[in-house]
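Enquirer: Next comes the structure file query20.txt, holding compact mmCIF, C-alpha atoms.
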```txt
# COMPACT_ATOMS: atom_id res chain seq x y z
CA MET A 1 -7.55 -34.67 13.86
CA GLU A 2 -4.29 -33.19 12.64
CA GLY A 3 -3.24 -32.99 9.03
CA GLU A 4 -5.24 -32.56 5.92
CA ARG A 5 -8.61 -33.62 4.69
CA PRO A 6 -10.13 -33.44 1.19
CA ALA A 7 -11.40 -30.03 0.21
CA SER A 8 -15.12 -29.62 0.75
CA PRO A 9 -17.45 -26.82 -0.30
CA ALA A 10 -18.55 -26.14 3.28
CA ARG A 11 -16.30 -25.76 6.33
CA SER A 12 -17.30 -26.69 9.86
CA SER A 13 -16.57 -23.26 11.24
CA GLY A 14 -17.51 -19.81 10.15
CA LEU A 15 -13.94 -18.59 10.35
CA PRO A 16 -12.70 -16.18 7.69
CA ALA A 17 -10.91 -17.51 4.68
CA GLY A 18 -7.88 -15.51 3.64
CA GLY A 19 -6.56 -15.05 0.17
CA ALA A 20 -3.05 -15.42 -1.10
CA ASP A 21 -0.58 -12.83 -0.03
CA GLY A 22 2.41 -11.92 -2.12
CA GLU A 23 5.46 -12.34 0.03
CA SER A 24 8.12 -10.81 -2.12
CA PRO A 25 10.34 -8.47 -0.11
CA GLY A 26 10.17 -4.79 -0.78
CA GLY A 27 12.76 -3.33 -3.04
CA GLY A 28 15.08 -0.47 -2.31
CA ALA A 29 18.42 0.37 -0.85
CA PRO A 30 19.46 -0.91 2.56
CA PHE A 31 20.21 0.98 5.70
CA PRO A 32 23.47 2.87 6.10
CA GLY A 33 26.62 1.13 7.16
CA SER A 34 25.67 -2.40 6.16
CA SER A 35 28.04 -3.31 3.35
CA GLY A 36 30.80 -5.88 3.68
CA SER A 37 30.90 -9.17 5.50
CA SER A 38 31.30 -7.76 8.98
CA ALA A 39 28.72 -5.94 11.08
CA PRO A 40 28.81 -2.13 11.24
CA PRO A 41 29.70 -0.05 14.30
CA GLN A 42 27.01 0.41 16.91
CA GLY A 43 26.03 3.90 15.82
CA GLU A 44 25.14 2.69 12.34
CA VAL A 45 22.66 -0.03 13.28
CA LEU A 46 19.10 1.17 12.64
CA ASP A 47 20.15 4.54 14.03
CA LEU A 48 17.08 6.31 15.37
CA ASP A 49 19.00 9.22 16.86
CA GLU A 50 20.86 10.59 13.84
CA ASP A 51 19.57 11.93 10.55
CA GLU A 52 21.02 9.88 7.71
CA ASP A 53 20.00 11.06 4.25
CA ASP A 54 22.19 8.84 2.14
CA LEU A 55 21.52 5.12 1.99
CA GLU A 56 24.40 2.93 0.97
CA VAL A 57 23.61 0.58 -1.90
CA PHE A 58 24.22 -3.03 -1.03
CA SER A 59 25.97 -5.02 -3.72
CA LYS A 60 24.96 -8.58 -4.53
CA ASP A 61 26.93 -11.23 -2.73
CA ALA A 62 27.92 -14.13 -4.95
CA SER A 63 28.99 -16.10 -1.89
CA LEU A 64 25.38 -17.17 -1.39
CA MET A 65 25.99 -19.99 -3.82
CA ASP A 66 28.69 -21.39 -1.57
CA MET A 67 26.11 -22.03 1.13
CA ASN A 68 24.32 -24.70 -0.90
CA SER A 69 27.28 -27.04 -0.75
CA PHE A 70 26.95 -27.36 3.02
CA SER A 71 23.43 -28.81 3.02
CA PRO A 72 23.35 -32.61 3.15
CA MET A 73 19.73 -32.48 2.01
CA MET A 74 20.51 -30.60 -1.21
CA PRO A 75 18.98 -32.37 -4.23
CA THR A 76 21.13 -33.16 -7.22
CA SER A 77 18.56 -33.36 -10.00
CA PRO A 78 19.23 -31.02 -12.96
CA LEU A 79 16.01 -29.07 -12.34
CA SER A 80 16.85 -28.59 -8.65
CA MET A 81 20.36 -27.42 -9.49
CA ILE A 82 19.01 -24.94 -12.02
CA ASN A 83 16.55 -23.65 -9.43
CA GLN A 84 19.42 -22.74 -7.11
CA ILE A 85 21.34 -20.71 -9.69
CA LYS A 86 20.89 -16.95 -9.47
CA PHE A 87 21.83 -14.99 -12.55
CA GLU A 88 23.24 -11.54 -11.96
CA ASP A 89 21.25 -9.73 -14.63
CA GLU A 90 18.07 -11.83 -14.69
CA PRO A 91 15.12 -11.95 -12.27
CA ASP A 92 14.57 -15.05 -10.13
CA LEU A 93 12.34 -17.65 -11.72
CA LYS A 94 9.91 -18.68 -8.98
CA ASP A 95 8.77 -22.28 -9.31
CA LEU A 96 7.12 -22.89 -5.93
CA PHE A 97 3.91 -21.07 -4.98
CA ILE A 98 2.32 -21.59 -1.57
CA THR A 99 -1.00 -20.28 -0.27
CA VAL A 100 -2.32 -20.62 3.27
CA ASP A 101 -6.06 -20.07 3.59
CA GLU A 102 -9.42 -21.40 4.87
CA PRO A 103 -8.80 -21.65 8.63
CA GLU A 104 -11.05 -24.27 10.18
CA SER A 105 -11.89 -24.84 13.83
CA HIS A 106 -11.64 -28.31 15.39
CA VAL A 107 -13.16 -29.11 18.78
CA THR A 108 -12.31 -32.31 20.61
CA THR A 109 -12.84 -33.48 24.17
CA ILE A 110 -9.22 -32.57 24.92
CA GLU A 111 -8.55 -29.39 22.98
CA THR A 112 -9.73 -26.83 20.47
CA PHE A 113 -7.42 -25.87 17.61
CA ILE A 114 -7.32 -24.37 14.15
CA THR A 115 -6.07 -25.98 10.95
CA TYR A 116 -5.19 -24.15 7.75
CA ARG A 117 -5.41 -25.29 4.17
CA ILE A 118 -2.08 -25.19 2.34
CA ILE A 119 -2.10 -25.22 -1.45
CA THR A 120 1.23 -25.75 -3.21
CA LYS A 121 1.76 -25.30 -6.93
CA THR A 122 5.12 -26.16 -8.44
CA SER A 123 6.93 -27.04 -11.66
CA ARG A 124 9.81 -28.83 -9.94
CA GLY A 125 10.65 -32.29 -11.19
CA GLU A 126 11.27 -33.77 -7.73
CA PHE A 127 7.57 -33.32 -6.84
CA ASP A 128 5.17 -36.11 -7.86
CA SER A 129 2.49 -33.65 -8.93
CA SER A 130 2.15 -30.01 -9.87
CA GLU A 131 -0.38 -29.20 -7.15
CA PHE A 132 -0.95 -30.35 -3.56
CA GLU A 133 -3.56 -29.55 -0.94
CA VAL A 134 -3.12 -30.42 2.74
CA ARG A 135 -4.29 -29.15 6.09
CA ARG A 136 -1.89 -28.31 8.88
CA ARG A 137 -2.17 -26.99 12.43
CA TYR A 138 0.23 -24.75 14.30
CA GLN A 139 2.06 -27.69 15.90
CA ASP A 140 2.96 -28.96 12.41
CA PHE A 141 4.57 -25.62 11.61
CA LEU A 142 6.54 -25.86 14.86
CA TRP A 143 7.75 -29.32 13.87
CA LEU A 144 8.91 -28.05 10.48
CA LYS A 145 10.80 -25.15 12.02
CA GLY A 146 12.50 -27.51 14.47
CA LYS A 147 13.56 -29.89 11.70
CA LEU A 148 14.99 -27.04 9.64
CA GLU A 149 17.02 -25.83 12.62
CA GLU A 150 18.23 -29.37 13.24
CA THR A 151 19.30 -29.94 9.64
CA HIS A 152 20.68 -26.44 9.05
CA PRO A 153 21.81 -25.19 12.49
CA THR A 154 23.56 -22.05 11.22
CA LEU A 155 21.06 -20.96 8.59
CA ILE A 156 18.58 -18.23 9.52
CA ILE A 157 15.19 -19.96 9.68
CA PRO A 158 12.21 -17.59 9.27
CA PRO A 159 10.23 -16.95 12.49
CA LEU A 160 6.79 -18.29 13.26
CA PRO A 161 4.11 -16.13 14.89
CA GLU A 162 4.00 -16.58 18.65
CA LYS A 163 2.04 -19.54 19.97
CA PHE A 164 0.75 -17.64 22.97
CA ILE A 165 -0.75 -14.18 23.11
CA VAL A 166 -0.98 -11.67 25.91
CA LYS A 167 -4.05 -12.43 28.01
CA GLY A 168 -6.69 -9.77 27.68
CA MET A 169 -5.27 -8.28 24.45
CA VAL A 170 -7.23 -10.39 21.97
CA GLU A 171 -9.20 -13.61 21.96
CA ARG A 172 -7.22 -16.63 20.78
CA PHE A 173 -9.90 -17.62 18.27
CA ASN A 174 -10.89 -14.10 17.36
CA ASP A 175 -11.35 -13.73 13.59
CA ASP A 176 -8.79 -10.91 13.39
CA PHE A 177 -6.22 -12.95 15.32
CA ILE A 178 -6.75 -16.00 13.12
CA GLU A 179 -6.39 -13.91 9.96
CA THR A 180 -3.22 -12.28 11.28
CA ARG A 181 -1.77 -15.69 12.09
CA ARG A 182 -2.76 -17.05 8.67
CA LYS A 183 -0.83 -14.30 6.95
CA ALA A 184 2.19 -14.87 9.18
CA LEU A 185 2.16 -18.63 8.51
CA GLN A 186 1.95 -17.99 4.78
CA LYS A 187 4.90 -15.62 4.96
CA PHE A 188 6.85 -18.25 6.94
CA LEU A 189 6.35 -20.86 4.22
CA ASN A 190 7.09 -18.46 1.38
CA ARG A 191 10.27 -17.28 3.10
CA ILE A 192 11.41 -20.91 3.15
CA ALA A 193 10.35 -21.43 -0.47
CA ASP A 194 12.42 -18.39 -1.53
CA HIS A 195 15.52 -19.51 0.39
CA PRO A 196 18.22 -20.99 -1.89
CA THR A 197 18.89 -23.91 0.48
CA LEU A 198 15.86 -24.41 2.72
CA THR A 199 13.53 -24.64 -0.26
CA PHE A 200 15.06 -28.05 -1.14
CA ASN A 201 14.84 -29.47 2.37
CA GLU A 202 13.18 -32.89 2.40
CA ASP A 203 11.13 -32.19 5.54
CA PHE A 204 9.77 -29.05 3.88
CA LYS A 205 8.68 -31.11 0.89
CA VAL A 206 6.99 -33.66 3.16
CA PHE A 207 5.23 -30.86 5.05
CA LEU A 208 3.77 -29.50 1.80
CA THR A 209 2.77 -32.81 0.21
CA ALA A 210 2.26 -35.64 2.74
CA GLN A 211 -1.08 -37.04 3.77
CA ALA A 212 -1.90 -36.93 7.48
CA SER A 213 -0.79 -40.50 8.16
CA GLU A 214 2.40 -40.05 6.12
CA LEU A 215 3.31 -36.88 7.99
CA SER A 216 2.68 -38.60 11.32
CA SER A 217 4.96 -41.50 10.31
CA HIS A 218 7.63 -39.10 9.06
CA LYS A 219 7.62 -37.24 12.36
CA LYS A 220 8.42 -40.48 14.20
CA GLN A 221 11.56 -41.04 12.14
CA GLY A 222 14.98 -39.75 13.12
CA PRO A 223 16.87 -40.02 16.42
CA GLY A 224 15.09 -41.51 19.40
CA LEU A 225 14.35 -39.87 22.71
CA LEU A 226 17.62 -40.94 24.36
CA SER A 227 19.64 -39.71 21.40
CA ARG A 228 17.88 -36.34 21.47
CA MET A 229 18.45 -36.09 25.22
CA GLY A 230 22.14 -36.80 24.68
CA GLN A 231 22.36 -34.06 22.06
CA THR A 232 20.64 -31.63 24.42
CA VAL A 233 23.03 -32.47 27.26
CA ARG A 234 26.05 -31.96 25.00
CA ALA A 235 24.64 -28.65 23.75
CA VAL A 236 24.06 -27.44 27.32
CA ALA A 237 27.56 -28.52 28.32
CA SER A 238 29.05 -26.68 25.35
CA SER A 239 27.11 -23.53 26.15
CA MET A 240 28.26 -23.68 29.75
CA ARG A 241 31.88 -23.91 28.66
CA GLY A 242 31.47 -21.04 26.24
CA VAL A 243 33.70 -20.14 23.31
CA LYS A 244 37.23 -19.07 24.09
CA ASN A 245 38.27 -17.65 20.73
CA ARG A 246 35.24 -16.57 18.72
CA PRO A 247 36.38 -15.14 15.34
CA GLU A 248 36.28 -11.36 15.10
CA GLU A 249 33.67 -11.34 12.33
CA PHE A 250 31.27 -13.31 14.53
CA MET A 251 31.98 -11.00 17.46
CA GLU A 252 30.91 -8.10 15.25
CA MET A 253 27.91 -10.07 14.05
CA ASN A 254 26.87 -10.76 17.63
CA ASN A 255 27.20 -7.06 18.51
CA PHE A 256 25.04 -6.18 15.53
CA ILE A 257 22.36 -8.65 16.65
CA GLU A 258 22.29 -7.27 20.20
CA ILE A 259 21.90 -3.67 19.01
CA PHE A 260 19.42 -4.65 16.29
CA SER A 261 17.34 -6.51 18.87
CA GLN A 262 17.15 -3.46 21.13
CA LYS A 263 16.26 -1.11 18.27
CA ILE A 264 13.66 -3.30 16.58
CA ASN A 265 11.96 -4.12 19.90
CA LEU A 266 11.69 -0.39 20.58
CA ILE A 267 10.29 0.28 17.11
CA ASP A 268 7.76 -2.54 17.56
CA LYS A 269 6.53 -1.08 20.86
CA ILE A 270 6.31 2.45 19.44
CA SER A 271 4.44 1.22 16.35
CA GLN A 272 1.92 -0.67 18.48
CA ARG A 273 1.42 2.39 20.69
CA ILE A 274 0.88 4.66 17.67
CA TYR A 275 -1.70 2.27 16.28
CA LYS A 276 -3.53 2.16 19.62
CA GLU A 277 -3.57 5.97 19.88
CA GLU A 278 -4.76 6.28 16.28
CA ARG A 279 -7.61 3.87 17.04
CA GLU A 280 -8.67 5.95 20.06
CA TYR A 281 -8.46 9.14 17.97
CA LEU A 282 -10.64 7.60 15.25
CA ASP A 283 -13.25 6.38 17.72
CA GLU A 284 -13.48 9.85 19.23
CA MET A 285 -13.64 11.60 15.85
CA LYS A 286 -16.53 9.36 14.76
CA GLU A 287 -18.64 10.80 17.57
CA TYR A 288 -18.42 14.37 16.25
CA GLY A 289 -20.26 13.86 12.95
CA PRO A 290 -23.61 12.90 14.54
CA ILE A 291 -23.19 15.73 17.06
CA TYR A 292 -22.99 18.34 14.32
CA ILE A 293 -26.02 16.80 12.56
CA LEU A 294 -28.05 17.06 15.78
CA TRP A 295 -26.79 20.59 16.32
CA SER A 296 -28.00 21.66 12.87
CA ALA A 297 -31.65 20.78 13.63
CA PRO A 298 -32.51 23.85 15.80
CA GLU A 299 -30.14 26.19 13.91
CA GLU A 300 -31.97 27.23 10.77
CA ASP A 301 -29.35 29.78 9.75
CA LEU A 302 -26.45 27.36 10.26
CA VAL A 303 -28.01 24.10 9.11
CA ASP A 304 -26.05 23.88 5.83
CA THR A 305 -22.77 24.89 7.44
CA LEU A 306 -23.07 22.42 10.29
CA LYS A 307 -24.00 19.58 7.91
CA ASP A 308 -20.98 20.43 5.76
CA VAL A 309 -18.77 20.20 8.86
CA ALA A 310 -20.26 16.78 9.64
CA SER A 311 -19.57 15.72 6.05
CA CYS A 312 -15.92 16.82 6.32
CA ILE A 313 -15.50 14.89 9.56
CA ASP A 314 -16.99 11.78 7.93
CA LYS A 315 -14.52 12.04 5.02
CA CYS A 316 -11.62 12.43 7.45
CA CYS A 317 -12.80 9.37 9.38
CA LYS A 318 -12.80 7.28 6.22
CA ALA A 319 -9.32 8.55 5.31
CA THR A 320 -8.08 7.72 8.82
CA GLU A 321 -9.51 4.20 8.60
CA LYS A 322 -7.69 3.68 5.33
CA ARG A 323 -4.42 4.93 6.82
CA MET A 324 -4.80 2.64 9.85
CA SER A 325 -5.46 -0.28 7.56
CA GLY A 326 -2.17 0.43 5.81
CA LEU A 327 -0.43 0.65 9.16
CA SER A 328 -1.80 -2.68 10.39
CA GLU A 329 -1.24 -4.55 7.12
CA ALA A 330 2.03 -3.07 5.85
CA LEU A 331 4.16 -1.69 8.68
CA LEU A 332 3.22 -3.52 11.89
CA PRO A 333 3.65 -7.10 10.52
CA VAL A 334 7.06 -6.28 9.02
CA VAL A 335 8.39 -4.68 12.21
CA HIS A 336 7.04 -7.51 14.38
CA GLU A 337 8.46 -10.19 12.07
CA TYR A 338 11.94 -8.72 12.37
CA MET A 339 11.52 -8.41 16.11
CA LEU A 340 10.99 -12.18 16.08
CA TYR A 341 13.96 -12.52 13.72
CA SER A 342 16.19 -11.00 16.41
CA GLU A 343 15.41 -13.99 18.63
CA ILE A 344 16.10 -16.37 15.73
CA LEU A 345 19.50 -14.75 15.14
CA MET A 346 20.48 -15.18 18.78
CA GLY A 347 19.63 -18.87 18.51
CA VAL A 348 21.72 -19.23 15.36
CA MET A 349 24.73 -17.63 17.03
CA LYS A 350 24.31 -19.93 20.04
CA ARG A 351 24.26 -23.03 17.81
CA ARG A 352 27.36 -21.85 15.95
CA ASP A 353 29.13 -21.29 19.26
CA GLN A 354 28.11 -24.77 20.44
CA ILE A 355 29.76 -26.34 17.40
CA GLN A 356 32.95 -24.37 18.00
CA ALA A 357 32.85 -25.10 21.76
CA GLU A 358 32.71 -28.83 20.99
CA LEU A 359 35.81 -28.46 18.82
CA ASP A 360 37.58 -26.42 21.52
CA SER A 361 36.90 -29.10 24.12
CA LYS A 362 38.40 -31.80 21.89
CA VAL A 363 41.48 -29.69 21.20
CA GLU A 364 41.89 -29.07 24.93
CA ALA A 365 41.54 -32.80 25.66
CA LEU A 366 44.20 -33.56 23.07
CA THR A 367 46.51 -30.94 24.56
CA TYR A 368 46.33 -32.55 27.98
CA LYS A 369 46.18 -36.08 26.50
CA LYS A 370 43.04 -36.91 28.41
CA ALA A 371 42.00 -39.61 25.96
CA ASP A 372 43.15 -41.65 23.00
CA THR A 373 45.12 -39.19 20.87
CA ASP A 374 44.49 -40.95 17.53
CA LEU A 375 40.75 -40.97 18.09
CA LEU A 376 40.79 -37.36 19.22
CA THR A 377 42.82 -36.28 16.22
CA GLU A 378 40.26 -37.89 13.90
CA GLU A 379 37.36 -36.28 15.76
CA ILE A 380 39.07 -32.89 15.69
CA GLY A 381 39.50 -33.12 11.93
CA LYS A 382 35.80 -33.84 11.46
CA LEU A 383 34.83 -31.03 13.85
CA GLU A 384 37.11 -28.55 12.07
CA ASP A 385 35.30 -29.34 8.82
CA LYS A 386 31.95 -28.99 10.60
CA VAL A 387 32.91 -25.61 12.08
CA GLU A 388 34.14 -24.35 8.70
CA CYS A 389 30.91 -25.43 6.98
CA ALA A 390 28.80 -23.88 9.74
CA ASN A 391 30.73 -20.60 9.57
CA ASN A 392 30.55 -20.35 5.78
CA ALA A 393 26.84 -21.14 5.76
CA LEU A 394 26.12 -18.52 8.40
CA LYS A 395 28.23 -15.83 6.71
CA ALA A 396 26.50 -16.36 3.37
CA ASP A 397 23.00 -16.48 4.89
CA TRP A 398 23.78 -13.47 7.08
CA GLU A 399 24.45 -11.25 4.07
CA ARG A 400 21.31 -12.50 2.35
CA TRP A 401 19.17 -11.92 5.45
CA LYS A 402 20.62 -8.48 6.11
CA GLN A 403 19.87 -7.28 2.59
CA ASN A 404 16.31 -8.61 2.78
CA MET A 405 15.84 -6.94 6.17
CA GLN A 406 17.07 -3.58 4.90
CA ASN A 407 14.84 -3.77 1.81
CA ASP A 408 11.75 -4.90 3.75
CA ILE A 409 12.01 -2.30 6.50
CA LYS A 410 12.85 0.54 4.15
CA SER A 411 9.96 -0.41 1.87
CA ALA A 412 7.51 -0.64 4.79
CA PHE A 413 8.44 2.78 6.19
CA THR A 414 8.54 4.38 2.74
CA ASP A 415 5.07 3.06 1.90
CA MET A 416 3.79 4.27 5.27
CA ALA A 417 5.27 7.72 4.73
CA GLU A 418 3.61 7.97 1.31
CA GLU A 419 0.32 6.85 2.84
CA ASN A 420 0.61 9.55 5.52
CA ILE A 421 1.33 12.23 2.92
CA HIS A 422 -1.71 11.17 0.91
CA TYR A 423 -3.82 11.13 4.08
CA TYR A 424 -2.91 14.67 5.14
CA GLU A 425 -3.31 15.99 1.59
CA GLN A 426 -6.78 14.46 1.42
CA CYS A 427 -7.86 15.88 4.79
CA LEU A 428 -6.39 19.30 3.93
CA ALA A 429 -8.21 19.36 0.59
CA THR A 430 -11.47 18.45 2.35
CA TRP A 431 -11.29 21.33 4.81
CA GLU A 432 -9.95 23.79 2.22
CA SER A 433 -12.94 23.02 0.03
CA PHE A 434 -15.26 23.62 2.98
CA LEU A 435 -13.60 26.94 3.92
CA THR A 436 -13.61 28.13 0.30
CA SER A 437 -17.33 27.41 -0.03
CA GLN A 438 -18.04 29.24 3.22
CA THR A 439 -15.96 32.24 2.14
CA ASP A 440 -17.76 32.43 -1.21
CA LEU A 441 -21.09 32.16 0.58
CA HIS A 442 -20.27 35.06 2.92
CA LEU A 443 -19.01 37.24 0.06
CA GLU A 444 -22.21 36.57 -1.85
CA GLU A 445 -24.32 37.50 1.19
CA ASP A 446 -22.31 40.70 1.75
CA SER A 447 -22.80 41.78 -1.88
CA GLU A 448 -26.53 41.23 -1.60
CA ASP A 449 -26.72 43.39 1.56
CA LYS A 450 -25.03 46.35 -0.10
CA PRO A 451 -27.42 49.00 -1.59
```
Spell out the structure here as structure tokens.

Expert:
Amino acid sequence: MEGERPASPARSSGLPAGGADGESPGGGAPFPGSSGSSAPPQGEVLDLDEDEDDLEVFSKDASLMDMNSFSPMMPTSPLSMINQIKFEDEPDLKDLFITVDEPESHVTTIETFITYRIITKTSRGEFDSSEFEVRRRYQDFLWLKGKLEETHPTLIIPPLPEKFIVKGMVERFNDDFIETRRKALQKFLNRIADHPTLTFNEDFKVFLTAQASELSSHKKQGPGLLSRMGQTVRAVASSMRGVKNRPEEFMEMNNFIEIFSQKINLIDKISQRIYKEEREYLDEMKEYGPIYILWSAPEEDLVDTLKDVASCIDKCCKATEKRMSGLSEALLPVVHEYMLYSEILMGVMKRRDQIQAELDSKVEALTYKKADTDLLTEEIGKLEDKVECANNALKADWERWKQNMQNDIKSAFTDMAEENIHYYEQCLATWESFLTSQTDLHLEEDSEDKP
């Protein structure tokens, strides 16, 4: 059964329960060539081929506040309005805390699926309580993402982890896979909670607070099947027509997205390959310790030396495991999330173009007087306002997303570099200590042999 159920001390499955993950983006300066409202030239987008030592500091963009005025779902209570204000010299006051944990397996005659417990703690006045606990499955997250895209077509909605996985790579209900998905789902919700507009979306509130029956009823609301089909047909028709005069700033934005997508997909593949090779290296290195222990048995003169070598190898294995843990928990999820973001950005640009294409078609119809001119003039006025709102919302959210992306990726790679430095220093110190002890031992033996 979908939805939530009361918390119980024992769960039906033995699946791992995850803890809360902090989802605050990493701090730091962004990548080079990213300031201003327009996208940078191609050579400055996540440039992997040039050495750039200086990172341009990204200034805060006050235009983010303008974006809130375009959301029809924006609450007007004093507390909600205060929550959306960002003071220049003061830290953000977080008032919505979300944890995704306790994955639980459900087996029916039709399907097998996983639900996750979602705990929400808040001090917002528009919530009926300060704490909520519900259970949601992956399909519920998909519904929420779809509703956010429908309500805010030109805002950048955070990505969800993929529904399907590559066959043969990992089991769908493997504990590691479930834990990885849990973390990604928690990041998805916290990204929404930290967004100045999405955080006040009514569907988001329902997702966090509604009982199973209430959520099911809420999902059935809204436009019917025929209405949704009509919207889809109009969207396809608009995309087929294309946009004749896309503004220059959105042309640059689209170029940025295309180059970013290529670069981040390459980084994601390289990162996954490095992790795989590191795993193979670790598995092979673990075999050497026992070999040296066995070797020491028949070698009475070398027994201590060979055991010391085995001890050094064991210490290096533990250091390697720690480094790989940092790689899998800090770098890989960030890179993969922004690889998924590249697909989200393409969808946002397509929806913006569809809105403009609809306006262009009305203007063209009015030019050739293909329909009632008074009605067309009224529709054109409404569409012009819609296009302007969509453009302003996207421009404001674009700057916010780009700064977060630069901070997150820089922080992930910086942390990984520091972890690598610590790893090599630790391994070097281990072997230096071994060599020093062996040198001292040989000098002591040589002094004893002298008359």

Enquirer: Counting all atoms listed in the file, which of A:Leu340, A:Ile114, A:Leu198, A:Leu148 gets nearest to Asp268 (chain A)?

Expert: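 Of all the options, A:Leu340 lies closest to Asp268 (chain A).
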
Enquirer: Show which residues sit within 12 Å of Met416 (chain A), as a list of chain:residue names. Count all atoms listed in the file, and ignore same-chain residues fewer than 4 positions away.

Expert: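 My reading of the contact set: A:Ser271, A:Lys322, A:Arg323, A:Met324, A:Ser325, A:Gly326, A:Leu327, A:Ser328, A:Glu329, A:Ala330, A:Leu331, A:Leu332, A:Val334, A:Ile409, A:Lys410, A:Ser411, A:Ala412, A:Asn420, A:Ile421, A:His422, A:Tyr423.
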
Enquirer: Just to confirm, what's the straight-line distance from CA of Thr122 (chain A) to CA of Phe97 (chain A) in Å (one decimal)?

Expert: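 CA of Thr122 (chain A) sits 6.3 Å away from CA of Phe97 (chain A).
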
Enquirer: For CA of Glu280 (chain A) and CA of Cys316 (chain A), quote the distance in Å rounded to one decimal.

Expert: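 Atom-to-atom, CA of Glu280 (chain A) to CA of Cys316 (chain A), that is 14.5 Å.
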
Enquirer: Please provide as a list in words all residues within 6 Å of Ile118 (chain A), with the sequence filter that same-chain residues fewer than 5 positions apart are discarded (counting only C-alpha atoms).

Expert: Thr99, Val100, Glu133, Val134 and Arg135 of chain A

Enquirer: Using Å and a single decimal, report how far CA of Ile98 (chain A) sits from CA of Asn190 (chain A).

Expert: 6.4 Å

Enquirer: A:Asp314, A:Glu384, A:Val309, A:Glu214: which is nearest Glu284 (chain A), counting all atoms listed in the file?

Expert: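 Ranking A:Asp314, A:Glu384, A:Val309, A:Glu214 by distance to Glu284 (chain A), first place goes to A:Asp314.
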
Enquirer: In the coordinate frame of the file, compute which residues have an atom within 9 Å of (13.4, -20.3, 8.7) when using only C-alpha atoms, and state them as a tab-separated table (two decimals) with C-alpha atoms, keeping the file's coordinate frame.

Expert:
```
chain	number	residue	atom	x	y	z
A	145	LYS	CA	10.80	-25.15	12.02
A	148	LEU	CA	14.99	-27.04	9.64
A	149	GLU	CA	17.02	-25.83	12.62
A	155	LEU	CA	21.06	-20.96	8.59
A	156	ILE	CA	18.58	-18.23	9.52
A	157	ILE	CA	15.19	-19.96	9.68
A	158	PRO	CA	12.21	-17.59	9.27
A	159	PRO	CA	10.23	-16.95	12.49
A	160	LEU	CA	6.79	-18.29	13.26
A	188	PHE	CA	6.85	-18.25	6.94
A	189	LEU	CA	6.35	-20.86	4.22
A	191	ARG	CA	10.27	-17.28	3.10
A	192	ILE	CA	11.41	-20.91	3.15
A	195	HIS	CA	15.52	-19.51	0.39
A	198	LEU	CA	15.86	-24.41	2.72
A	344	ILE	CA	16.10	-16.37	15.73
```

Enquirer: Pick from A:Met285, A:Leu144, A:Cys427, A:Ile178: nearest to Leu215 (chain A), with all atoms listed in the file counted?

Expert: A:Leu144
